[in-house]
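Here is the structure we will look at, set down as structure tokens.
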Amino acid sequence: MNRDNDKGKVLIRRSLIMAFGKFFLLMVIIGRLYYLQVYQADRYKTLADENRISTRLLIPPRGIIYDRNGEMIARNEQNFQALIVAEQTPNVQETLDAFKKIMPLSEAEEERIKKELKRKRSFVPIKIRDNLSWEEVSKIQLHAPDLPGIVIDEGLTRYYPYGESMAHVLGYVSSVSEKDVKDDPLLEVPGFKIGKSGIEKLFEKDLRGESGNLRLEVNAYGRIMKEIEKIDGIPGKDIELTLDARLQKKAYDLFGEESGAAVVLDVHTGEILTFVSAPSFDPNLMTKGLNNEQWQALVSNERNPLSDKAISGLYSPGSTFKMVVALAALEAGIIKPDTRSFCAGKMFLGNHAFHCWKKVGHGYINVVEALQHSCDIFFYETAQKLGIEKIAAMARRFGLGSRVGIGFDNEKAGLIPDKEWKLKRFGEPWQMGESLISGIGQGYILTTPLQLVTMMARLVNGGYEVRPTFIKVSEQERSQIKKINVSRENLELLKEGMFNVVNKPGGTAYWSQFNYNGQRMGGKTGTTQVRRITMKERQTGILKEEELPWRLRNHALFVGYAPADNPKYAVVVIVEHGGGGSSVAAPMASKILKEAVMLDPTKEAVDSRQ
Amino acid sequence: MYRAYETSFRNQSLSIKEKLFNLSFSYLLFIVILAGIGITMLYSAANGSWSPWALNQLIRFGIGFVVMLVLALTDIRIFMRYAYVFYFLTLILLIVVEVTGHIGMGAQRWINFGFFKLQPSELMKIAMVLVLARYFHTSSLQSIESIRGIIAPLLMALFPAVLIILQPDLGTALMLMFTTGAIFFVVGVQLWKFGVLILGAFVSMPIAWHFLHDYQQNRILTFLNPERDPLGSGYHIIQSKIALGSGGIFGKGFLKGTQSHLNFLPEKHTDFIFTMLSEEFGMVGAVLIVILNLLILIYSYSFALKSTSYFGKLVAIGLATNYFMYVFINMAMVLGLIPVVGIPLPLISYGGTVMLSIMASFGIIMSVHINHNVQMGKD
């Protein structure tokens, strides 16, 4: 009994000890609750919100691009996509089969859809097809009862109504790639597109706008439960360019199958009205994304549709360079307006013969006639007397030999050679013969079409140092354009020569003249060889252009301006391997300038004056 | 107050009426409040719906309540008389589960009776308390303090524990061992024997580690470093702590817990229901649950102390300790204090077997209380 009592006492004592132990453990629980729910509450509240709230960026609509007349040349179009939400259809395969009956789906596409369906959660919409037309959308909606799980989603996509004709100016937008600088969180948004070239790239910052925010409550699986907050972004800025869409289209169409470039400037401001490089590509296709075949076709085309020839094509200026040589000689006093040289069809420098394009020669001619007939001997002799340094200096003052600077990154600087350059480049002194061929724009000299049209504009606007631009030039900016220090009379003399080229019988572009209400054009032809004509060939007879393979044919050039009496527009036309400047480039330039004059907003005033 | 039966020592059975008068209505009230909170939380877990959990739980609680009353009104001597029978029947059920589990090539913890799945390991927790109480009721302190005297109860405890580990159900096995250990402690087994046992356990731990399943090893490793695998096993603990912490003092409000309703919180209707409650009702709600459980424990202890029989005291303390194990392990687990072992919070978590076994425990504890004056011999 005694032991039994002890047994009971032990039980009670030990039970109480254990009870205290349990009490202590429950106090630990309360302490832990305090630690988590009071002491660390803020930290966990933040973590809970991070779990719960998913912020999505809203893509702002991209700025619209207008031409100088308010015509939309890049806009946003509604893009309809067909999506499939797996959990909303009893059988994905049946839905896809029903969809295929309405609209074809390639096997590759179906493969991609199935892959994505497997990878993603069943409430995530998966793209079936995008860029649906209105008819296709209404077709899908008509068949909606057979297509459970299919939803139509609309977004904005960039559209270029002028397509190929403006591809090189406007550029295009496309998906962000590894190389692009990620300076904006928008760039991380799937499907976001940025300007990849041209105006779209140059004005990317303005056109893009600022992203909005959509705050969503999501569950653990990422399903959207509700919208918490929506902050609209700021749409991209609209941009008005100096381009004239009508003139641009006309110029582009003139090229047809040919390869080359054409640029039209307002000679007083440098505003670019037309900026063509041919052949071109469809920027709308670039925006959608090319398939491999389309891409290979573009890359392997020998006429290089992806290159912007107006700024990155380098050509010998040929005879279009003769104005610079003439002006340099006149300014240096080496020739006078009435100085005459004798052209016998060829001349010698030491043992080396220099040929004029006209075998029988031009006889005694002055500078105006030399320009009109594009006599080579006259300019060989002038260049021989003048020397390369003076030619180079004048060329540079008129915008050759350095980047014009319109902001596109593929712009080339070209090359105006001089003695120092030659020594540096080849380690050899300058040869007199090299001065001679420089006098007719051949040899080392390389120019871009944009440089040539800049040169032309500066020659005919009274010597003002205009710079080509896509953005309207204000009156104030215009008044600040510097004047190049050359004599007015000399510039008038050049204009006389260029007027005669087109309007006087015997001029190299006589057959390309136009007369629109008394307004005519002036200009200068150029034909540059891409190959050397050998002595043997001269004896056996030079092959006709048409007999040569395309790649070996001459480049055809023309620089011109209109109206002749009060120049407003300058043009350059280069047709790669097109043949002769007078036969190919001049007629195109004529059509472009005539169109420019006809479209001129001040022509009504001119019409009524007459 | 009706005090007629409290002072008299009686050997004969009490009448139903007498028994009902002796029921502790406060004790009943705590149980009903906790179960009510549980059903409310299950309603919230289903985003404000009675299905699929709340209504089922209410029905189970109803059944459990009847079972509890029946057991409460049962004469305590019957528990004593059939303790061994009950224990061996439960042991056979455990073996059956183990054998069929092997045949089915997978872990199986229950026997399907169609309308209800019987989990013998749950039953074993009660059977173990009863059989040990019966054993120690009859043995002397001398025999308890001797080594020979505790070999039999040790074997009775270890055999089912090993069977449960093999299922494998580490959590339940550990709980059973803790409860058993607690009983050995209160009856007066010397502390150095526990020391030897714990030392032995530490020594054999590396060997035992190899017998643990991969997922069990993972659970322990994840507990030691939850960030080890934030999307895998550690995810549960991290999300549970976020839910608890973000609840703050007063909580986010009924049905407004973001972590639980947006499914960041796993198992919110079973093992992690305390987290959900703490998220929606804050520290205030969580502490209320702790206090209610504390009251249940205090009452259970007072019943044990009032009981005049050794068997009754030990049964009440053992079952209360078993209940405490559930509460503490579950709370400590969701609070990130111990590894995730898959122990529900009794009365609150969704689940039929635990509800039934816990209500049965309460019934037996009440029976101890009602029969506190019943004398029991050593036969």
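Numbering starts fresh at 1 for the residues of each chain in the structure tokens, the chains themselves are lettered A, B, ... in the order given, and ligands are numbered from 1 as they appear.
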
Shell of 10 Å around B:Met156, only C-alpha atoms, local chain residues under 5 positions omitted, as a ChimeraX atom specification: /B:87-88,91,128,131-132,150-151,161,180

Contacts of B:Asp271 at 10 Å (only C-alpha atoms; same-chain gap of 2+ positions) as a PyMOL selection string: chain B and resi 266-269+273-275+330-331+333-334+340-346+348-351

Create the file for the chosen residues now, containing C-alpha atoms and written as a PDB file, in the first residue's frame.
```pdb
ATOM      1  CA  PRO B 266      -0.416  24.101 -50.022  1.00  0.00           C
ATOM      2  CA  GLU B 267      -2.664  21.708 -48.108  1.00  0.00           C
ATOM      3  CA  LYS B 268      -4.549  24.648 -46.678  1.00  0.00           C
ATOM      4  CA  HIS B 269      -7.516  22.489 -45.670  1.00  0.00           C
ATOM      5  CA  ILE B 273      -5.069  25.016 -41.911  1.00  0.00           C
ATOM      6  CA  PHE B 274      -3.514  26.746 -38.876  1.00  0.00           C
ATOM      7  CA  THR B 275      -1.521  28.894 -41.295  1.00  0.00           C
ATOM      8  CA  ASN B 330       1.312  20.610 -36.307  1.00  0.00           C
ATOM      9  CA  MET B 331       1.789  24.168 -35.093  1.00  0.00           C
ATOM     10  CA  MET B 333       5.625  22.419 -38.307  1.00  0.00           C
ATOM     11  CA  VAL B 334       3.646  25.192 -40.004  1.00  0.00           C
ATOM     12  CA  VAL B 340       7.077  19.043 -42.265  1.00  0.00           C
ATOM     13  CA  VAL B 341       5.888  15.647 -41.042  1.00  0.00           C
ATOM     14  CA  GLY B 342       2.279  15.610 -42.155  1.00  0.00           C
ATOM     15  CA  ILE B 343       0.450  15.792 -38.833  1.00  0.00           C
ATOM     16  CA  PRO B 344      -2.986  17.481 -38.932  1.00  0.00           C
ATOM     17  CA  LEU B 345      -4.295  19.938 -36.361  1.00  0.00           C
ATOM     18  CA  PRO B 346      -6.950  17.949 -34.452  1.00  0.00           C
ATOM     19  CA  ILE B 348      -9.650  21.785 -37.165  1.00  0.00           C
ATOM     20  CA  SER B 349      -7.908  20.049 -40.085  1.00  0.00           C
ATOM     21  CA  TYR B 350     -10.068  18.212 -42.576  1.00  0.00           C
ATOM     22  CA  GLY B 351      -9.933  14.457 -42.133  1.00  0.00           C
TER      23      GLY B 351
END
```

Expected answer as an NGL selection string: alpha helix (DSSP H) residues in stretch 128-376 of chain B: :B and (128-138 or 141-145 or 147-166 or 170-187 or 191-211 or 214-224 or 234-247 or 258-261 or 273-306 or 310-334 or 352-370)

Which neighbours of stretch 431-438 of chain A fall inside 10 Å, counting only C-alpha atoms, when residues of the same chain fewer than 4 positions from it are skipped, and could you give them as an mmCIF file with C-alpha atoms, in the first residue's frame?
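Wrote around_33.cif, looks like this:
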```cif
data_model
loop_
_atom_site.group_PDB
_atom_site.id
_atom_site.type_symbol
_atom_site.label_atom_id
_atom_site.label_comp_id
_atom_site.auth_asym_id
_atom_site.auth_seq_id
_atom_site.Cartn_x
_atom_site.Cartn_y
_atom_site.Cartn_z
ATOM 1 C CA SER A 316 32.696 57.142 -108.935
ATOM 2 C CA PRO A 317 30.873 60.383 -109.683
ATOM 3 C CA GLY A 318 32.208 60.418 -113.255
ATOM 4 C CA SER A 319 31.225 63.450 -115.268
ATOM 5 C CA PHE A 321 32.087 65.719 -110.777
ATOM 6 C CA LYS A 322 33.054 68.105 -113.587
ATOM 7 C CA VAL A 325 36.526 70.781 -111.123
ATOM 8 C CA PHE A 348 49.079 62.313 -124.019
ATOM 9 C CA LEU A 349 50.746 62.581 -120.671
ATOM 10 C CA GLY A 350 54.176 61.164 -121.277
ATOM 11 C CA HIS A 352 50.073 57.473 -121.735
ATOM 12 C CA ALA A 353 47.055 58.312 -123.886
ATOM 13 C CA PHE A 354 43.942 59.857 -122.306
ATOM 14 C CA ASP A 376 36.853 64.857 -121.110
ATOM 15 C CA ILE A 377 39.987 66.452 -122.640
ATOM 16 C CA PHE A 379 38.768 68.610 -117.837
ATOM 17 C CA TYR A 380 41.958 66.538 -118.108
ATOM 18 C CA GLU A 381 43.796 69.679 -119.046
ATOM 19 C CA THR A 382 42.089 71.782 -116.402
ATOM 20 C CA ALA A 383 42.822 69.222 -113.716
ATOM 21 C CA GLN A 384 46.430 68.991 -114.870
ATOM 22 C CA LYS A 385 46.846 72.723 -114.400
ATOM 23 C CA LEU A 386 44.822 72.842 -111.188
ATOM 24 C CA GLY A 387 46.297 69.944 -109.249
ATOM 25 C CA ILE A 388 44.460 67.507 -106.994
ATOM 26 C CA GLU A 389 44.646 69.605 -103.800
ATOM 27 C CA ILE A 391 39.979 69.921 -106.640
ATOM 28 C CA ALA A 392 39.761 68.023 -103.360
ATOM 29 C CA ILE A 416 38.032 62.473 -101.952
ATOM 30 C CA PRO A 417 41.709 61.644 -102.486
ATOM 31 C CA ASP A 418 44.645 64.010 -102.121
ATOM 32 C CA LYS A 419 48.428 63.691 -101.997
ATOM 33 C CA LYS A 422 47.753 58.579 -101.277
ATOM 34 C CA GLN A 442 37.164 58.721 -111.984
ATOM 35 C CA GLY A 443 40.054 57.129 -110.166
ATOM 36 C CA TYR A 444 40.003 57.015 -106.423
ATOM 37 C CA ILE A 445 37.029 59.317 -105.939
#
```

Sorted by chain and rising residue number, list the residues of chain A at most 10 Å from chain B (counting only C-alpha atoms), each with its closest atom pair and distance in Å to one decimal, as a Markdown table.
```
| residue | atom | partner | partner_atom | distance |
| --- | --- | --- | --- | --- |
| A:Met1 | CA | B:Ser140 | CA | 10.0 |
| A:Arg3 | CA | B:Leu141 | CA | 6.6 |
| A:Asp4 | CA | B:Ser140 | CA | 6.9 |
| A:Asn5 | CA | B:Leu141 | CA | 9.5 |
| A:Asp6 | CA | B:Leu141 | CA | 7.5 |
| A:Lys7 | CA | B:Leu141 | CA | 5.4 |
| A:Gly8 | CA | B:Tyr310 | CA | 6.9 |
| A:Lys9 | CA | B:Val187 | CA | 9.6 |
| A:Val10 | CA | B:Gly188 | CA | 5.9 |
| A:Leu11 | CA | B:Val187 | CA | 5.1 |
| A:Ile12 | CA | B:Leu305 | CA | 7.3 |
| A:Arg13 | CA | B:Val186 | CA | 7.9 |
| A:Arg14 | CA | B:Val186 | CA | 4.7 |
| A:Ser15 | CA | B:Val186 | CA | 5.4 |
| A:Leu16 | CA | B:Tyr301 | CA | 8.7 |
| A:Ile17 | CA | B:Val186 | CA | 8.7 |
| A:Met18 | CA | B:Val186 | CA | 7.7 |
| A:Ala19 | CA | B:Tyr301 | CA | 8.2 |
| A:Lys22 | CA | B:Phe324 | CA | 7.7 |
| A:Phe23 | CA | B:Leu294 | CA | 7.7 |
| A:Leu25 | CA | B:Phe328 | CA | 7.5 |
| A:Leu26 | CA | B:Phe328 | CA | 7.0 |
| A:Met27 | CA | B:Val290 | CA | 8.9 |
| A:Val28 | CA | B:Ala332 | CA | 8.8 |
| A:Ile29 | CA | B:Ala332 | CA | 6.6 |
| A:Ile30 | CA | B:Val287 | CA | 6.6 |
| A:Gly31 | CA | B:Val287 | CA | 10.0 |
| A:Arg32 | CA | B:Leu335 | CA | 7.1 |
| A:Leu33 | CA | B:Met283 | CA | 6.5 |
| A:Tyr34 | CA | B:Met283 | CA | 7.1 |
| A:Tyr35 | CA | B:Gly245 | CA | 8.4 |
| A:Leu36 | CA | B:Gly245 | CA | 4.8 |
| A:Gln37 | CA | B:Gly245 | CA | 4.3 |
| A:Val38 | CA | B:Gly248 | CA | 5.7 |
| A:Tyr39 | CA | B:Gly245 | CA | 8.7 |
| A:Gln40 | CA | B:Gly245 | CA | 6.4 |
| A:Ala41 | CA | B:Gly245 | CA | 4.7 |
| A:Asp42 | CA | B:Ser246 | CA | 7.0 |
| A:Arg43 | CA | B:Gly245 | CA | 7.7 |
| A:Tyr44 | CA | B:Ser246 | CA | 4.8 |
| A:Lys45 | CA | B:Ser246 | CA | 4.1 |
| A:Thr46 | CA | B:Ser246 | CA | 7.7 |
| A:Leu47 | CA | B:Ile242 | CA | 6.5 |
| A:Ala48 | CA | B:Ile242 | CA | 6.0 |
| A:Asp49 | CA | B:Thr258 | CA | 8.6 |
| A:Asn51 | CA | B:Phe264 | CA | 7.8 |
| A:Arg52 | CA | B:Thr258 | CA | 7.1 |
| A:Glu217 | CA | B:Leu262 | CA | 8.7 |
| A:Val218 | CA | B:Leu262 | CA | 7.1 |
| A:Asn219 | CA | B:Leu262 | CA | 4.2 |
| A:Ala220 | CA | B:Phe264 | CA | 4.8 |
| A:Tyr221 | CA | B:Asn263 | CA | 7.9 |
| A:Gly222 | CA | B:Leu262 | CA | 9.3 |
| A:Arg223 | CA | B:Leu262 | CA | 9.1 |
| A:Ile224 | CA | B:Leu262 | CA | 9.9 |
| A:Met225 | CA | B:Leu262 | CA | 8.3 |
```

Please list as an MDAnalysis selection string every residue within 10 Å of stretch 62-79 of chain B, counting only C-alpha atoms and excluding residues in the same chain fewer than 2 positions away. chainID B and resid 12:20 22:23 28 31:32 56:60 81:86 127 130:131 134 309 311:312 315 352:372 374:377

Create the file for the chosen residues now, containing C-alpha atoms and written as an mmCIF file, in the first residue's frame.
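Saved as selection-v1.cif:
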```cif
data_model
loop_
_atom_site.group_PDB
_atom_site.id
_atom_site.type_symbol
_atom_site.label_atom_id
_atom_site.label_comp_id
_atom_site.auth_asym_id
_atom_site.auth_seq_id
_atom_site.Cartn_x
_atom_site.Cartn_y
_atom_site.Cartn_z
ATOM 1 C CA GLN B 12 -21.166 -0.189 -8.475
ATOM 2 C CA SER B 13 -21.934 1.344 -11.846
ATOM 3 C CA LEU B 14 -23.400 4.795 -12.126
ATOM 4 C CA SER B 15 -26.704 5.333 -13.887
ATOM 5 C CA ILE B 16 -26.824 7.169 -17.230
ATOM 6 C CA LYS B 17 -28.490 10.089 -15.505
ATOM 7 C CA GLU B 18 -25.745 10.309 -12.908
ATOM 8 C CA LYS B 19 -23.112 10.116 -15.565
ATOM 9 C CA LEU B 20 -24.704 12.910 -17.605
ATOM 10 C CA ASN B 22 -21.023 14.538 -14.129
ATOM 11 C CA LEU B 23 -20.119 15.558 -17.676
ATOM 12 C CA LEU B 28 -17.480 19.958 -24.139
ATOM 13 C CA ILE B 31 -14.242 21.007 -28.072
ATOM 14 C CA VAL B 32 -17.312 22.355 -29.862
ATOM 15 C CA ASN B 56 -18.417 16.749 -44.578
ATOM 16 C CA GLN B 57 -16.439 17.859 -41.573
ATOM 17 C CA LEU B 58 -19.635 18.869 -39.777
ATOM 18 C CA ILE B 59 -21.097 15.411 -40.382
ATOM 19 C CA ARG B 60 -17.902 13.752 -39.157
ATOM 20 C CA ARG B 81 -10.784 -5.170 -19.000
ATOM 21 C CA TYR B 82 -10.482 -5.105 -22.774
ATOM 22 C CA ALA B 83 -7.267 -3.127 -23.048
ATOM 23 C CA TYR B 84 -5.162 -6.125 -24.168
ATOM 24 C CA VAL B 85 -7.823 -7.424 -26.518
ATOM 25 C CA PHE B 86 -8.137 -4.012 -28.108
ATOM 26 C CA ALA B 127 -4.777 1.259 -27.793
ATOM 27 C CA LEU B 130 -4.883 1.923 -22.736
ATOM 28 C CA VAL B 131 -2.609 -1.094 -22.742
ATOM 29 C CA ARG B 134 -3.408 -1.262 -17.785
ATOM 30 C CA SER B 309 -7.610 5.093 -9.948
ATOM 31 C CA PHE B 311 -5.449 3.464 -14.553
ATOM 32 C CA GLY B 312 -7.753 6.458 -14.913
ATOM 33 C CA VAL B 315 -5.266 7.024 -19.386
ATOM 34 C CA GLY B 352 -12.230 11.751 -40.843
ATOM 35 C CA THR B 353 -9.909 9.311 -39.098
ATOM 36 C CA VAL B 354 -8.173 11.839 -36.915
ATOM 37 C CA MET B 355 -11.487 13.490 -36.042
ATOM 38 C CA LEU B 356 -12.868 10.133 -34.992
ATOM 39 C CA SER B 357 -9.821 9.044 -32.995
ATOM 40 C CA ILE B 358 -9.530 12.400 -31.237
ATOM 41 C CA MET B 359 -13.234 12.451 -30.340
ATOM 42 C CA ALA B 360 -12.840 8.905 -29.039
ATOM 43 C CA SER B 361 -9.913 10.050 -26.911
ATOM 44 C CA PHE B 362 -12.017 12.848 -25.465
ATOM 45 C CA GLY B 363 -14.766 10.340 -24.790
ATOM 46 C CA ILE B 364 -12.388 8.131 -22.824
ATOM 47 C CA ILE B 365 -10.962 11.142 -20.933
ATOM 48 C CA MET B 366 -14.546 12.126 -20.022
ATOM 49 C CA SER B 367 -15.212 8.608 -18.921
ATOM 50 C CA VAL B 368 -12.212 8.935 -16.572
ATOM 51 C CA HIS B 369 -13.756 12.122 -15.259
ATOM 52 C CA ILE B 370 -17.234 10.673 -14.785
ATOM 53 C CA ASN B 371 -15.836 7.550 -13.176
ATOM 54 C CA HIS B 372 -13.250 9.338 -11.090
ATOM 55 C CA VAL B 374 -14.629 4.216 -9.320
ATOM 56 C CA GLN B 375 -12.164 1.974 -7.511
ATOM 57 C CA MET B 376 -10.178 -0.489 -9.534
ATOM 58 C CA GLY B 377 -8.259 -3.464 -8.281
#
```
